[in-house]
Each structure stands twice: as C-alpha cells, then as structure tokens.
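Step one of this worksheet: look at the structure below.
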2 protein chains.
Amino acid sequence: MELAEAKQKFIEAWGKLGSEWGINRTMAQVHALLLVTPEALTTEEIMESLSISRGNANMTLRDLMGWGLVEKQHKPGERKEYFYADKDTWNIARQVAKERRKRELDPVIKILDELSKVQGDVSDPAYNTFNRTVTDINKLAKNVDKTLDTMLKAEESWFWGSIVKIFK
Amino acid sequence: MELAEAKQKFIEAWGKLGSEWGINRTMAQVHALLLVTPEALTTEEIMESLSISRGNANMTLRDLMGWGLVEKQHKPGERKEYFYADKDTWNIARQVAKERRKRELDPVIKILDELSKVQGDVSDPAYNTFNRTVTDINKLAKNVDKTLDTMLKAEESWFWGSIVKIFK
DNA sequence: TTGAACTTTCAAAATATATTGAAAGTTTAT
DNA sequence: ATAAACTTTCAATATATTTTGAAAGTTCAA
C-alpha cells in the first residue's frame, strides 16, 4: 500500500469512528490529517487536502483547539497561521476524556444528584424502581468520574502498568 | 419534585447523554422509560408515554433488544408483547461496552493492523510520522480492547474493588 | 491611510438522520 | 377458512446537523 493511500484510509477510519462517538466527522478527519503530518499546515492546505470549504476548515480548527488537540503556530516573518496536532497518543486520550467529562458527564451527575433526592412513597413500586435505578446510575457515574479524575493526573507508564497488573 | 416530573427529567437527561455519545435519542429515551418502570410495558404504552409513532417504537425496541438491553415478555393468555429492561447498572454498562467494542473498536483495530504494516522510506519524515502515529494508536486501541475483554468477564464487586484499590 | 493578505462569520443550501403512518404481514382463536 | 389482534415494513416526510462561500472583519507593511 502506498503511503498516500494509507493516509487516506487512516483519515477515513478516524472520521468514521469519530462520528460513531458523537464527534463531527470532519473534525475527526482534520485531526487525523494533522496527526499523520510531520509539519504544521495552513488552513489553505487543509482545505485542499480534505476538499472542504474555508468556513468549515476555520470552524473545525477552532473546535479542535477548544478540545486542546491542535494548536496554532506562527512562523517568523509570515502572516499565515499554521496548525499543528500533538501526536502523543496518551495526551490525546487524556484530553478527550477530560473534555467529555466536563461537557457531558459532569452535567449528568448534577441532574442525577437532584433526582436522587426525590422523595416518595416507599410502598410504591414505581417510586422504588425509579429511586433504585437513579441512585445506582449515579453511583456508577461517580465512580467513572473519580476514575477519570485520577487517570487524568496519572503518568502514562504508571497507568498502564497498574491496569496490566489488575487485568491479568 | 413530583415522581412524574422526575421521571420526565431522567428520560430527557438520558436521551441527551445518549445522543452526545452516538446513540439515537429516542432509543435512549425508551431505555430510560423502561429503566424507571417496574413492570414490562407494551408498544402501545411506550408510544403513548413518549409520544412517538408505532413504527418508531417498534424499530427502537428491536434495536434495544439487539443491544441486549431490553427483552420481550409474554403474559400468559395475552397476544400483546411486553418489553422489559434489565435494571442492573453493571449489566447495562457491560452490555454497552461489549456491543460498542464489537461494532466499532474491533473494526478500527483491524484497519490499524493493516496500516501498521505499510512500509516506507525510513528517512522520510512523512512516513515516520504516519508510522509512529498509527502504531501508537494501534497499541492504545489494543490495550483498551484487552482491558474491556477482562472487564466483560469480571464480576462487579471484584472490578470496583480492584479499581478503588488502584485509584486511591 | 490604504490595500493586500489573511481570518472569521453566518444565512442559505446541502446532506444526513430520525420519524411517521398506513399498508402489508403474521399469528391465533374459533 | 376467516377475521380480529397484533407486529413489521418502508417510502415519504420531517428534523437536525453539517457545509458552503461570499461578505465582513482584522492585521500589518508601506
């Protein structure tokens, strides 16, 4: 397989996986492109390479920076902005986990906390089922939250070392 | 807060979380409804309760059964089908992890394996960056895969006990 | 200042995804 | 064999999301 073809396949696969996990396909593709490119790219080059419009490229790059996955670079003596992706897989995973926790998990936990407090008739099965389900999910969510918290602070080697020890 | 209102909020929150994670909003809502309902419900009742059409309810229930989250029940002497959701949070989490692994992670690993094999000029930075990125992601993906595999076989208490020990 | 080089915005258009509902299909009791 | 009770299908429709591209905005060198 040619390198060019392989890059293409990687970008496609990453885009598909992203869209299955609630991440805009284009955003995942731009990220993939930057991941397999050694040097920083301009908006122009990204547009060209993925056949997307200027507006789309601009918004997507802004989002990627918001996720902490891509950063702007300025080359001395040039007006153009260059974009570069961190290529450390562990950093990427941490960054994504961090953002999704903040944006999605935390708000849900807040709601579950509220719903756990709802009072009702203990002899009512409808109430009992509701209460048990909500408090159980709340517990799980908080466990995940705490686990992520520790993971985000951890060093890669330490983390995988520990995981491997447990799951053996 | 009233129980009815609380149920409503739970269904909404679950639907939103689902859609953020690539799961059809209605599917998540039907699941949520069944989770907070002690007894099994008919298609009719679900349609009514969530204001969705018969076709939508039917397809969604079929999908939920495909995910192993909901099952049909038959009441003796009745023609109607009743639908019931397993309420064990750990089972739900395992089931979702299992299905997503099969449907999304495994296919990606297959592609990454192929792409890892691509040969190229070692003095070419484009090739080096591609190769390093792909093999790194492949390693991460396989670690996740292996971890899920073990987790899926694990008992709840054992699992959380271990996790708590490590992340302490 | 001016204008060239570049970036950002956002309403409109395109695309993708989800939903409807009526017709077709199936099952079962009689 | 019939028909009532129920389930499934799927083309048409509706909704949600993504993308475009041209215009407006910004920056900077001369």
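In the structure tokens, each chain is lettered A, B, ... as it comes, each chain's residues begin at 1, and ligands are numbered from 1 in order of appearance.
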What would chain B look like once superposed on chain A, with the fit done by least squares over all C-alpha atoms paired in order? Give it as a compact mmCIF listing (two decimals) with N, CA and C atoms, in the first residue's frame.
# COMPACT_ATOMS: atom_id res chain seq x y z
N MET B 1 0.82 -1.22 0.00
CA MET B 1 -0.02 -0.01 0.00
C MET B 1 0.86 1.24 -0.01
N GLU B 2 0.46 2.21 -0.79
CA GLU B 2 1.17 3.48 -0.85
C GLU B 2 0.96 4.27 0.43
N LEU B 3 1.90 5.12 0.77
CA LEU B 3 1.74 5.97 1.94
C LEU B 3 0.51 6.88 1.78
N ALA B 4 0.36 7.44 0.58
CA ALA B 4 -0.77 8.35 0.33
C ALA B 4 -2.10 7.65 0.55
N GLU B 5 -2.18 6.43 0.06
CA GLU B 5 -3.41 5.65 0.19
C GLU B 5 -3.66 5.31 1.66
N ALA B 6 -2.58 4.95 2.34
CA ALA B 6 -2.69 4.59 3.75
C ALA B 6 -3.18 5.78 4.58
N LYS B 7 -2.62 6.95 4.27
CA LYS B 7 -3.07 8.17 4.97
C LYS B 7 -4.57 8.36 4.76
N GLN B 8 -4.97 8.21 3.51
CA GLN B 8 -6.38 8.36 3.17
C GLN B 8 -7.25 7.43 4.00
N LYS B 9 -6.83 6.18 4.08
CA LYS B 9 -7.60 5.19 4.84
C LYS B 9 -7.66 5.54 6.31
N PHE B 10 -6.54 6.00 6.82
CA PHE B 10 -6.51 6.38 8.23
C PHE B 10 -7.48 7.52 8.50
N ILE B 11 -7.47 8.52 7.62
CA ILE B 11 -8.35 9.67 7.79
C ILE B 11 -9.81 9.25 7.73
N GLU B 12 -10.12 8.36 6.81
CA GLU B 12 -11.49 7.85 6.70
C GLU B 12 -11.91 7.10 7.97
N ALA B 13 -11.03 6.19 8.40
CA ALA B 13 -11.35 5.36 9.56
C ALA B 13 -11.55 6.22 10.80
N TRP B 14 -10.70 7.21 10.95
CA TRP B 14 -10.78 8.08 12.11
C TRP B 14 -12.07 8.91 12.08
N GLY B 15 -12.41 9.36 10.87
CA GLY B 15 -13.64 10.13 10.69
C GLY B 15 -14.86 9.29 11.04
N LYS B 16 -14.85 8.05 10.61
CA LYS B 16 -15.99 7.17 10.88
C LYS B 16 -16.11 6.89 12.39
N LEU B 17 -14.99 6.55 12.98
CA LEU B 17 -15.01 6.27 14.43
C LEU B 17 -15.51 7.49 15.19
N GLY B 18 -14.99 8.65 14.82
CA GLY B 18 -15.42 9.88 15.47
C GLY B 18 -16.92 10.05 15.38
N SER B 19 -17.48 9.89 14.18
CA SER B 19 -18.90 10.15 14.03
C SER B 19 -19.74 9.14 14.81
N GLU B 20 -19.21 7.93 14.99
CA GLU B 20 -19.92 6.95 15.79
C GLU B 20 -19.90 7.30 17.28
N TRP B 21 -18.98 8.15 17.64
CA TRP B 21 -18.87 8.53 19.05
C TRP B 21 -19.26 9.97 19.30
N GLY B 22 -20.07 10.52 18.40
CA GLY B 22 -20.61 11.84 18.62
C GLY B 22 -19.64 12.97 18.34
N ILE B 23 -18.59 12.69 17.56
CA ILE B 23 -17.67 13.74 17.17
C ILE B 23 -17.82 13.98 15.68
N ASN B 24 -17.98 15.24 15.33
CA ASN B 24 -18.15 15.63 13.94
C ASN B 24 -17.11 14.95 13.04
N ARG B 25 -17.62 14.33 11.97
CA ARG B 25 -16.76 13.58 11.05
C ARG B 25 -15.59 14.43 10.53
N THR B 26 -15.91 15.64 10.10
CA THR B 26 -14.87 16.51 9.54
C THR B 26 -13.82 16.86 10.60
N MET B 27 -14.29 17.09 11.79
CA MET B 27 -13.36 17.42 12.87
C MET B 27 -12.38 16.26 13.10
N ALA B 28 -12.91 15.07 13.11
CA ALA B 28 -12.05 13.90 13.30
C ALA B 28 -11.08 13.75 12.13
N GLN B 29 -11.55 14.06 10.93
CA GLN B 29 -10.69 13.92 9.76
C GLN B 29 -9.57 14.95 9.75
N VAL B 30 -9.91 16.18 10.11
CA VAL B 30 -8.86 17.21 10.16
C VAL B 30 -7.83 16.80 11.21
N HIS B 31 -8.31 16.30 12.34
CA HIS B 31 -7.39 15.86 13.37
C HIS B 31 -6.49 14.74 12.85
N ALA B 32 -7.11 13.78 12.18
CA ALA B 32 -6.34 12.66 11.62
C ALA B 32 -5.28 13.15 10.65
N LEU B 33 -5.67 14.09 9.79
CA LEU B 33 -4.71 14.62 8.81
C LEU B 33 -3.52 15.24 9.53
N LEU B 34 -3.79 16.03 10.56
CA LEU B 34 -2.70 16.68 11.27
C LEU B 34 -1.86 15.66 12.04
N LEU B 35 -2.50 14.58 12.47
CA LEU B 35 -1.77 13.55 13.22
C LEU B 35 -0.73 12.83 12.37
N VAL B 36 -1.03 12.68 11.09
CA VAL B 36 -0.08 11.94 10.24
C VAL B 36 0.81 12.88 9.44
N THR B 37 0.77 14.15 9.76
CA THR B 37 1.59 15.12 9.03
C THR B 37 2.67 15.65 9.96
N PRO B 38 3.92 15.51 9.59
CA PRO B 38 5.00 15.93 10.49
C PRO B 38 4.98 17.43 10.77
N GLU B 39 4.78 18.22 9.72
CA GLU B 39 4.85 19.66 9.93
C GLU B 39 3.46 20.27 10.09
N ALA B 40 3.43 21.49 10.59
CA ALA B 40 2.17 22.22 10.74
C ALA B 40 1.64 22.63 9.38
N LEU B 41 0.31 22.66 9.25
CA LEU B 41 -0.32 22.99 7.98
C LEU B 41 -1.11 24.28 8.06
N THR B 42 -1.28 24.94 6.91
CA THR B 42 -2.13 26.13 6.85
C THR B 42 -3.58 25.72 6.61
N THR B 43 -4.48 26.65 6.88
CA THR B 43 -5.90 26.43 6.56
C THR B 43 -6.04 26.02 5.09
N GLU B 44 -5.35 26.76 4.25
CA GLU B 44 -5.37 26.50 2.81
C GLU B 44 -5.04 25.04 2.49
N GLU B 45 -3.96 24.56 3.08
CA GLU B 45 -3.52 23.19 2.80
C GLU B 45 -4.54 22.16 3.29
N ILE B 46 -5.15 22.45 4.42
CA ILE B 46 -6.14 21.52 4.98
C ILE B 46 -7.39 21.49 4.10
N MET B 47 -7.83 22.68 3.67
CA MET B 47 -8.98 22.77 2.77
C MET B 47 -8.75 21.94 1.52
N GLU B 48 -7.61 22.15 0.95
CA GLU B 48 -7.19 21.46 -0.28
C GLU B 48 -7.16 19.96 -0.06
N SER B 49 -6.50 19.58 1.00
CA SER B 49 -6.23 18.17 1.25
C SER B 49 -7.51 17.37 1.50
N LEU B 50 -8.48 17.99 2.17
CA LEU B 50 -9.71 17.26 2.51
C LEU B 50 -10.92 17.72 1.69
N SER B 51 -10.67 18.64 0.76
CA SER B 51 -11.77 19.19 -0.05
C SER B 51 -12.91 19.75 0.81
N ILE B 52 -12.57 20.64 1.68
CA ILE B 52 -13.60 21.30 2.48
C ILE B 52 -13.46 22.80 2.32
N SER B 53 -14.51 23.51 2.67
CA SER B 53 -14.53 24.96 2.46
C SER B 53 -13.70 25.68 3.52
N ARG B 54 -13.44 26.95 3.23
CA ARG B 54 -12.69 27.75 4.18
C ARG B 54 -13.40 27.88 5.51
N GLY B 55 -14.70 28.17 5.44
CA GLY B 55 -15.49 28.32 6.66
C GLY B 55 -15.47 27.08 7.52
N ASN B 56 -15.65 25.95 6.86
CA ASN B 56 -15.65 24.68 7.57
C ASN B 56 -14.30 24.42 8.23
N ALA B 57 -13.25 24.64 7.47
CA ALA B 57 -11.90 24.43 8.00
C ALA B 57 -11.66 25.33 9.20
N ASN B 58 -12.06 26.57 9.07
CA ASN B 58 -11.84 27.53 10.16
C ASN B 58 -12.57 27.12 11.44
N MET B 59 -13.85 26.78 11.29
CA MET B 59 -14.64 26.37 12.47
C MET B 59 -14.09 25.10 13.10
N THR B 60 -13.78 24.16 12.24
CA THR B 60 -13.29 22.88 12.74
C THR B 60 -11.98 23.04 13.50
N LEU B 61 -11.08 23.87 12.95
CA LEU B 61 -9.81 24.10 13.63
C LEU B 61 -10.02 24.79 14.97
N ARG B 62 -10.98 25.70 14.97
CA ARG B 62 -11.28 26.38 16.23
C ARG B 62 -11.76 25.37 17.28
N ASP B 63 -12.67 24.47 16.84
CA ASP B 63 -13.16 23.43 17.75
C ASP B 63 -12.01 22.56 18.25
N LEU B 64 -11.16 22.15 17.34
CA LEU B 64 -10.05 21.28 17.74
C LEU B 64 -9.15 21.96 18.75
N MET B 65 -8.98 23.25 18.58
CA MET B 65 -8.18 23.97 19.57
C MET B 65 -8.93 24.02 20.90
N GLY B 66 -10.26 24.17 20.83
CA GLY B 66 -11.08 24.15 22.03
C GLY B 66 -10.98 22.83 22.79
N TRP B 67 -10.78 21.76 22.05
CA TRP B 67 -10.60 20.44 22.66
C TRP B 67 -9.16 20.23 23.13
N GLY B 68 -8.31 21.20 22.83
CA GLY B 68 -6.90 21.07 23.24
C GLY B 68 -6.13 20.04 22.45
N LEU B 69 -6.59 19.76 21.25
CA LEU B 69 -5.92 18.73 20.45
C LEU B 69 -5.01 19.32 19.38
N VAL B 70 -5.23 20.58 19.07
CA VAL B 70 -4.48 21.23 17.98
C VAL B 70 -4.07 22.60 18.48
N GLU B 71 -2.90 23.05 18.02
CA GLU B 71 -2.54 24.42 18.35
C GLU B 71 -2.02 25.20 17.16
N LYS B 72 -2.18 26.50 17.28
CA LYS B 72 -1.69 27.42 16.24
C LYS B 72 -0.20 27.56 16.38
N GLN B 73 0.44 27.72 15.23
CA GLN B 73 1.85 28.05 15.23
C GLN B 73 2.05 29.23 14.30
N HIS B 74 3.01 30.07 14.64
CA HIS B 74 3.33 31.18 13.74
C HIS B 74 4.77 31.04 13.30
N LYS B 75 4.96 31.09 11.99
CA LYS B 75 6.33 31.03 11.49
C LYS B 75 6.84 32.46 11.35
N PRO B 76 8.03 32.71 11.85
CA PRO B 76 8.57 34.07 11.86
C PRO B 76 8.59 34.66 10.45
N GLY B 77 8.14 35.89 10.34
CA GLY B 77 8.12 36.56 9.06
C GLY B 77 6.95 36.20 8.18
N GLU B 78 6.01 35.38 8.69
CA GLU B 78 4.84 35.00 7.88
C GLU B 78 3.55 35.46 8.53
N ARG B 79 2.59 35.83 7.72
CA ARG B 79 1.29 36.22 8.23
C ARG B 79 0.41 35.01 8.52
N LYS B 80 0.57 33.99 7.68
CA LYS B 80 -0.30 32.82 7.77
C LYS B 80 -0.19 32.10 9.11
N GLU B 81 -1.32 31.47 9.50
CA GLU B 81 -1.31 30.65 10.70
C GLU B 81 -1.14 29.19 10.32
N TYR B 82 -0.34 28.53 11.09
CA TYR B 82 -0.13 27.10 10.86
C TYR B 82 -0.75 26.32 12.01
N PHE B 83 -1.23 25.11 11.69
CA PHE B 83 -1.89 24.29 12.72
C PHE B 83 -1.15 22.97 12.91
N TYR B 84 -1.00 22.64 14.16
CA TYR B 84 -0.19 21.49 14.51
C TYR B 84 -0.90 20.64 15.56
N ALA B 85 -0.88 19.31 15.39
CA ALA B 85 -1.52 18.42 16.38
C ALA B 85 -0.48 17.72 17.23
N ASP B 86 -0.73 17.71 18.51
CA ASP B 86 0.08 16.91 19.44
C ASP B 86 -0.07 15.45 19.03
N LYS B 87 1.05 14.75 18.93
CA LYS B 87 0.98 13.38 18.43
C LYS B 87 1.11 12.32 19.53
N ASP B 88 1.18 12.76 20.76
CA ASP B 88 1.29 11.81 21.86
C ASP B 88 -0.08 11.20 22.17
N THR B 89 -0.19 9.91 21.89
CA THR B 89 -1.48 9.23 22.00
C THR B 89 -2.09 9.36 23.39
N TRP B 90 -1.25 9.24 24.38
CA TRP B 90 -1.73 9.33 25.75
C TRP B 90 -2.31 10.71 26.04
N ASN B 91 -1.61 11.74 25.58
CA ASN B 91 -2.14 13.10 25.74
C ASN B 91 -3.49 13.26 25.06
N ILE B 92 -3.60 12.71 23.85
CA ILE B 92 -4.86 12.83 23.11
C ILE B 92 -5.98 12.19 23.91
N ALA B 93 -5.75 10.96 24.36
CA ALA B 93 -6.77 10.24 25.11
C ALA B 93 -7.17 11.01 26.37
N ARG B 94 -6.18 11.53 27.07
CA ARG B 94 -6.47 12.29 28.28
C ARG B 94 -7.28 13.53 27.98
N GLN B 95 -6.87 14.22 26.92
CA GLN B 95 -7.53 15.46 26.56
C GLN B 95 -9.00 15.21 26.22
N VAL B 96 -9.25 14.16 25.44
CA VAL B 96 -10.62 13.84 25.04
C VAL B 96 -11.43 13.45 26.27
N ALA B 97 -10.84 12.61 27.13
CA ALA B 97 -11.54 12.18 28.34
C ALA B 97 -11.88 13.39 29.20
N LYS B 98 -10.93 14.28 29.34
CA LYS B 98 -11.11 15.47 30.16
C LYS B 98 -12.26 16.34 29.66
N GLU B 99 -12.26 16.58 28.35
CA GLU B 99 -13.29 17.45 27.79
C GLU B 99 -14.67 16.82 27.86
N ARG B 100 -14.75 15.54 27.54
CA ARG B 100 -16.07 14.90 27.56
C ARG B 100 -16.60 14.82 28.98
N ARG B 101 -15.72 14.60 29.91
CA ARG B 101 -16.15 14.59 31.30
C ARG B 101 -16.78 15.92 31.66
N LYS B 102 -16.05 16.97 31.34
CA LYS B 102 -16.51 18.31 31.69
C LYS B 102 -17.83 18.64 30.99
N ARG B 103 -17.89 18.31 29.70
CA ARG B 103 -19.04 18.73 28.90
C ARG B 103 -20.27 17.85 29.08
N GLU B 104 -20.05 16.55 29.36
CA GLU B 104 -21.18 15.63 29.33
C GLU B 104 -21.42 14.87 30.63
N LEU B 105 -20.35 14.34 31.21
CA LEU B 105 -20.54 13.54 32.42
C LEU B 105 -20.95 14.41 33.61
N ASP B 106 -20.20 15.49 33.84
CA ASP B 106 -20.48 16.34 34.99
C ASP B 106 -21.91 16.88 35.02
N PRO B 107 -22.43 17.41 33.89
CA PRO B 107 -23.82 17.87 33.91
C PRO B 107 -24.81 16.76 34.25
N VAL B 108 -24.55 15.55 33.77
CA VAL B 108 -25.46 14.45 34.06
C VAL B 108 -25.43 14.10 35.54
N ILE B 109 -24.24 14.10 36.12
CA ILE B 109 -24.13 13.80 37.55
C ILE B 109 -24.92 14.82 38.36
N LYS B 110 -24.84 16.06 37.93
CA LYS B 110 -25.58 17.10 38.64
C LYS B 110 -27.08 16.80 38.64
N ILE B 111 -27.59 16.39 37.49
CA ILE B 111 -29.02 16.07 37.40
C ILE B 111 -29.34 14.83 38.24
N LEU B 112 -28.47 13.82 38.17
CA LEU B 112 -28.71 12.59 38.93
C LEU B 112 -28.72 12.87 40.44
N ASP B 113 -27.85 13.76 40.86
CA ASP B 113 -27.83 14.13 42.28
C ASP B 113 -29.19 14.68 42.71
N GLU B 114 -29.72 15.56 41.89
CA GLU B 114 -31.05 16.12 42.17
C GLU B 114 -32.11 15.04 42.21
N LEU B 115 -32.09 14.21 41.18
CA LEU B 115 -33.14 13.19 41.07
C LEU B 115 -33.05 12.16 42.19
N SER B 116 -31.83 11.97 42.70
CA SER B 116 -31.67 11.01 43.81
C SER B 116 -32.39 11.49 45.07
N LYS B 117 -32.56 12.78 45.14
CA LYS B 117 -33.16 13.36 46.35
C LYS B 117 -34.69 13.27 46.37
N VAL B 118 -35.28 13.01 45.21
CA VAL B 118 -36.74 13.00 45.13
C VAL B 118 -37.33 12.00 46.13
N GLN B 119 -38.25 12.51 46.93
CA GLN B 119 -38.88 11.66 47.94
C GLN B 119 -40.17 11.06 47.42
N GLY B 120 -40.56 9.94 48.00
CA GLY B 120 -41.81 9.32 47.56
C GLY B 120 -42.28 8.24 48.49
N ASP B 121 -43.36 7.63 48.12
CA ASP B 121 -44.00 6.59 48.92
C ASP B 121 -43.24 5.27 48.78
N VAL B 122 -42.66 4.83 49.90
CA VAL B 122 -41.78 3.66 49.88
C VAL B 122 -42.53 2.37 49.50
N SER B 123 -43.84 2.39 49.64
CA SER B 123 -44.59 1.18 49.28
C SER B 123 -45.04 1.22 47.81
N ASP B 124 -44.65 2.28 47.12
CA ASP B 124 -45.02 2.42 45.70
C ASP B 124 -43.91 1.86 44.82
N PRO B 125 -44.20 0.77 44.10
CA PRO B 125 -43.16 0.16 43.25
C PRO B 125 -42.62 1.14 42.22
N ALA B 126 -43.47 2.01 41.70
CA ALA B 126 -43.02 2.99 40.70
C ALA B 126 -41.93 3.87 41.30
N TYR B 127 -42.17 4.30 42.55
CA TYR B 127 -41.16 5.13 43.21
C TYR B 127 -39.89 4.34 43.50
N ASN B 128 -40.07 3.13 43.99
CA ASN B 128 -38.91 2.32 44.33
C ASN B 128 -38.01 2.04 43.13
N THR B 129 -38.64 1.68 42.03
CA THR B 129 -37.84 1.39 40.83
C THR B 129 -37.11 2.63 40.36
N PHE B 130 -37.84 3.75 40.33
CA PHE B 130 -37.20 5.01 39.94
C PHE B 130 -36.00 5.30 40.83
N ASN B 131 -36.25 5.25 42.12
CA ASN B 131 -35.21 5.63 43.06
C ASN B 131 -33.99 4.71 42.97
N ARG B 132 -34.26 3.42 42.88
CA ARG B 132 -33.12 2.50 42.83
C ARG B 132 -32.30 2.68 41.55
N THR B 133 -33.01 2.80 40.42
CA THR B 133 -32.32 2.98 39.14
C THR B 133 -31.47 4.25 39.16
N VAL B 134 -32.09 5.34 39.60
CA VAL B 134 -31.37 6.62 39.57
C VAL B 134 -30.16 6.60 40.51
N THR B 135 -30.33 6.09 41.70
CA THR B 135 -29.19 6.11 42.61
C THR B 135 -28.09 5.16 42.15
N ASP B 136 -28.48 4.03 41.56
CA ASP B 136 -27.47 3.12 41.02
C ASP B 136 -26.66 3.76 39.90
N ILE B 137 -27.36 4.37 38.97
CA ILE B 137 -26.66 5.01 37.86
C ILE B 137 -25.80 6.14 38.39
N ASN B 138 -26.30 6.85 39.36
CA ASN B 138 -25.54 7.94 39.96
C ASN B 138 -24.23 7.42 40.57
N LYS B 139 -24.33 6.30 41.24
CA LYS B 139 -23.12 5.70 41.84
C LYS B 139 -22.12 5.34 40.75
N LEU B 140 -22.61 4.68 39.70
CA LEU B 140 -21.72 4.29 38.60
C LEU B 140 -21.06 5.53 38.00
N ALA B 141 -21.88 6.54 37.74
CA ALA B 141 -21.36 7.75 37.11
C ALA B 141 -20.29 8.40 37.98
N LYS B 142 -20.51 8.39 39.28
CA LYS B 142 -19.52 8.99 40.17
C LYS B 142 -18.23 8.18 40.24
N ASN B 143 -18.38 6.87 40.15
CA ASN B 143 -17.20 6.02 40.10
C ASN B 143 -16.38 6.32 38.85
N VAL B 144 -17.07 6.40 37.73
CA VAL B 144 -16.38 6.73 36.48
C VAL B 144 -15.70 8.08 36.61
N ASP B 145 -16.44 9.02 37.16
CA ASP B 145 -15.90 10.38 37.33
C ASP B 145 -14.63 10.37 38.16
N LYS B 146 -14.68 9.67 39.25
CA LYS B 146 -13.52 9.62 40.13
C LYS B 146 -12.33 8.93 39.44
N THR B 147 -12.65 7.85 38.75
CA THR B 147 -11.61 7.11 38.03
C THR B 147 -10.95 8.01 36.98
N LEU B 148 -11.77 8.73 36.23
CA LEU B 148 -11.22 9.64 35.23
C LEU B 148 -10.34 10.70 35.88
N ASP B 149 -10.81 11.20 36.98
CA ASP B 149 -10.07 12.24 37.68
C ASP B 149 -8.66 11.77 38.00
N THR B 150 -8.58 10.58 38.53
CA THR B 150 -7.26 10.05 38.90
C THR B 150 -6.43 9.78 37.64
N MET B 151 -7.12 9.23 36.66
CA MET B 151 -6.44 8.90 35.40
C MET B 151 -5.84 10.15 34.75
N LEU B 152 -6.59 11.25 34.84
CA LEU B 152 -6.14 12.47 34.18
C LEU B 152 -4.89 13.02 34.83
N LYS B 153 -4.71 12.68 36.10
CA LYS B 153 -3.53 13.19 36.79
C LYS B 153 -2.35 12.24 36.63
N ALA B 154 -2.65 11.06 36.13
CA ALA B 154 -1.62 10.02 36.11
C ALA B 154 -0.64 10.16 34.96
N GLU B 155 0.48 9.58 35.15
CA GLU B 155 1.48 9.45 34.09
C GLU B 155 1.16 8.20 33.28
N GLU B 156 1.48 8.26 32.03
CA GLU B 156 1.16 7.12 31.16
C GLU B 156 1.72 5.81 31.66
N SER B 157 2.99 5.77 31.89
CA SER B 157 3.63 4.51 32.22
C SER B 157 3.04 3.94 33.50
N TRP B 158 2.84 4.82 34.46
CA TRP B 158 2.26 4.39 35.72
C TRP B 158 0.88 3.77 35.50
N PHE B 159 0.10 4.47 34.68
CA PHE B 159 -1.25 4.02 34.45
C PHE B 159 -1.30 2.64 33.81
N TRP B 160 -0.61 2.51 32.70
CA TRP B 160 -0.71 1.24 31.98
C TRP B 160 -0.06 0.12 32.79
N GLY B 161 1.01 0.46 33.48
CA GLY B 161 1.62 -0.53 34.35
C GLY B 161 0.61 -1.09 35.33
N SER B 162 -0.15 -0.20 35.96
CA SER B 162 -1.12 -0.63 36.95
C SER B 162 -2.23 -1.46 36.32
N ILE B 163 -2.73 -0.96 35.21
CA ILE B 163 -3.83 -1.66 34.54
C ILE B 163 -3.40 -3.07 34.16
N VAL B 164 -2.24 -3.18 33.60
CA VAL B 164 -1.76 -4.49 33.17
C VAL B 164 -1.67 -5.43 34.37
N LYS B 165 -1.23 -4.89 35.49
CA LYS B 165 -1.13 -5.72 36.69
C LYS B 165 -2.50 -6.27 37.10
N ILE B 166 -3.49 -5.42 37.07
CA ILE B 166 -4.82 -5.88 37.51
C ILE B 166 -5.45 -6.84 36.54
N PHE B 167 -5.45 -6.45 35.29
CA PHE B 167 -6.12 -7.27 34.28
C PHE B 167 -5.15 -8.30 33.74
N LYS B 168 -4.87 -9.26 34.51
CA LYS B 168 -3.83 -10.20 34.12
C LYS B 168 -4.33 -11.59 34.41
Quiz prompt | Contact residues (chain D, partner chain A, 9 Å, only C-alpha atoms (C1' of nucleotides)) as a list in words | solution = DT18, DT19, DT20, DG21, DT27 and DC28 of chain D
Practice problem: Figure out the distance between C1' of DA24 (chain D) and C1' of DT15 (chain C), please, to one decimal in Å. | Solution: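 The value is 27.0 Å.
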Quiz item: Got a sec: who's within 9 Å of DT26 (chain C), counting only C-alpha atoms (C1' of nucleotides), leaving out chain neighbours fewer than 3 positions off, as a list in words?
Solution: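 Listing them by chain and then by number gives DC6, DT7 and DT8 of chain D.
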Quiz prompt | chain A contacts on chain C, only C-alpha atoms (C1' of nucleotides), 8 Å, as a list in words | solution = DA5, DC6 and DT8 of chain C
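Here the strand (DSSP E) residues in chain A, by DSSP on the backbone, are Leu41, Thr42, Val70, Glu71, Lys72, Gln73, His74, Glu81, Tyr82, Phe83, Tyr84 and Ala85 of chain A.
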Resulting file, chosen residues, C-alpha atoms, as a PDB file, in the first residue's frame:
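The result, written out as selection16.pdb:
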ATOM      1  CA  LEU A  41      -0.324  23.019   7.966  1.00  0.00           C
ATOM      2  CA  THR A  42      -2.137  26.146   6.850  1.00  0.00           C
ATOM      3  CA  VAL A  70      -4.486  21.247  17.991  1.00  0.00           C
ATOM      4  CA  GLU A  71      -2.548  24.444  18.354  1.00  0.00           C
ATOM      5  CA  LYS A  72      -1.703  27.441  16.256  1.00  0.00           C
ATOM      6  CA  GLN A  73       1.851  28.091  15.247  1.00  0.00           C
ATOM      7  CA  HIS A  74       3.299  31.243  13.764  1.00  0.00           C
ATOM      8  CA  GLU A  81      -1.336  30.689  10.689  1.00  0.00           C
ATOM      9  CA  TYR A  82      -0.134  27.123  10.852  1.00  0.00           C
ATOM     10  CA  PHE A  83      -1.886  24.325  12.721  1.00  0.00           C
ATOM     11  CA  TYR A  84      -0.199  21.507  14.498  1.00  0.00           C
ATOM     12  CA  ALA A  85      -1.521  18.463  16.374  1.00  0.00           C
TER      13      ALA A  85
END
Exercise. Rounded to one decimal place, report the C1' of DT17 (chain D)-C1' of DT9 (chain C) distance in Å.
Key: 18.1 Å
Exercise. May I ask for the distance between C1' of DT27 (chain C) and C1' of DA11 (chain D), given in Å to one decimal place?
Key: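 One can read the C1' of DT27 (chain C) to C1' of DA11 (chain D) distance as 26.0 Å.
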Quiz prompt | DSSP alpha helix (DSSP H) selection over region 30-152 of chain A, as a PyMOL selection string | solution = chain A and resi 30-35+43-50+54-66+89-100+106-116+125-152
Quiz item: When distances are computed from only C-alpha atoms (C1' of nucleotides), which of C:DT1, C:DA23, C:DA18, C:DA29 shows the smallest separation from DT15 (chain D)?
Solution: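 Nearest to DT15 (chain D): C:DA18.
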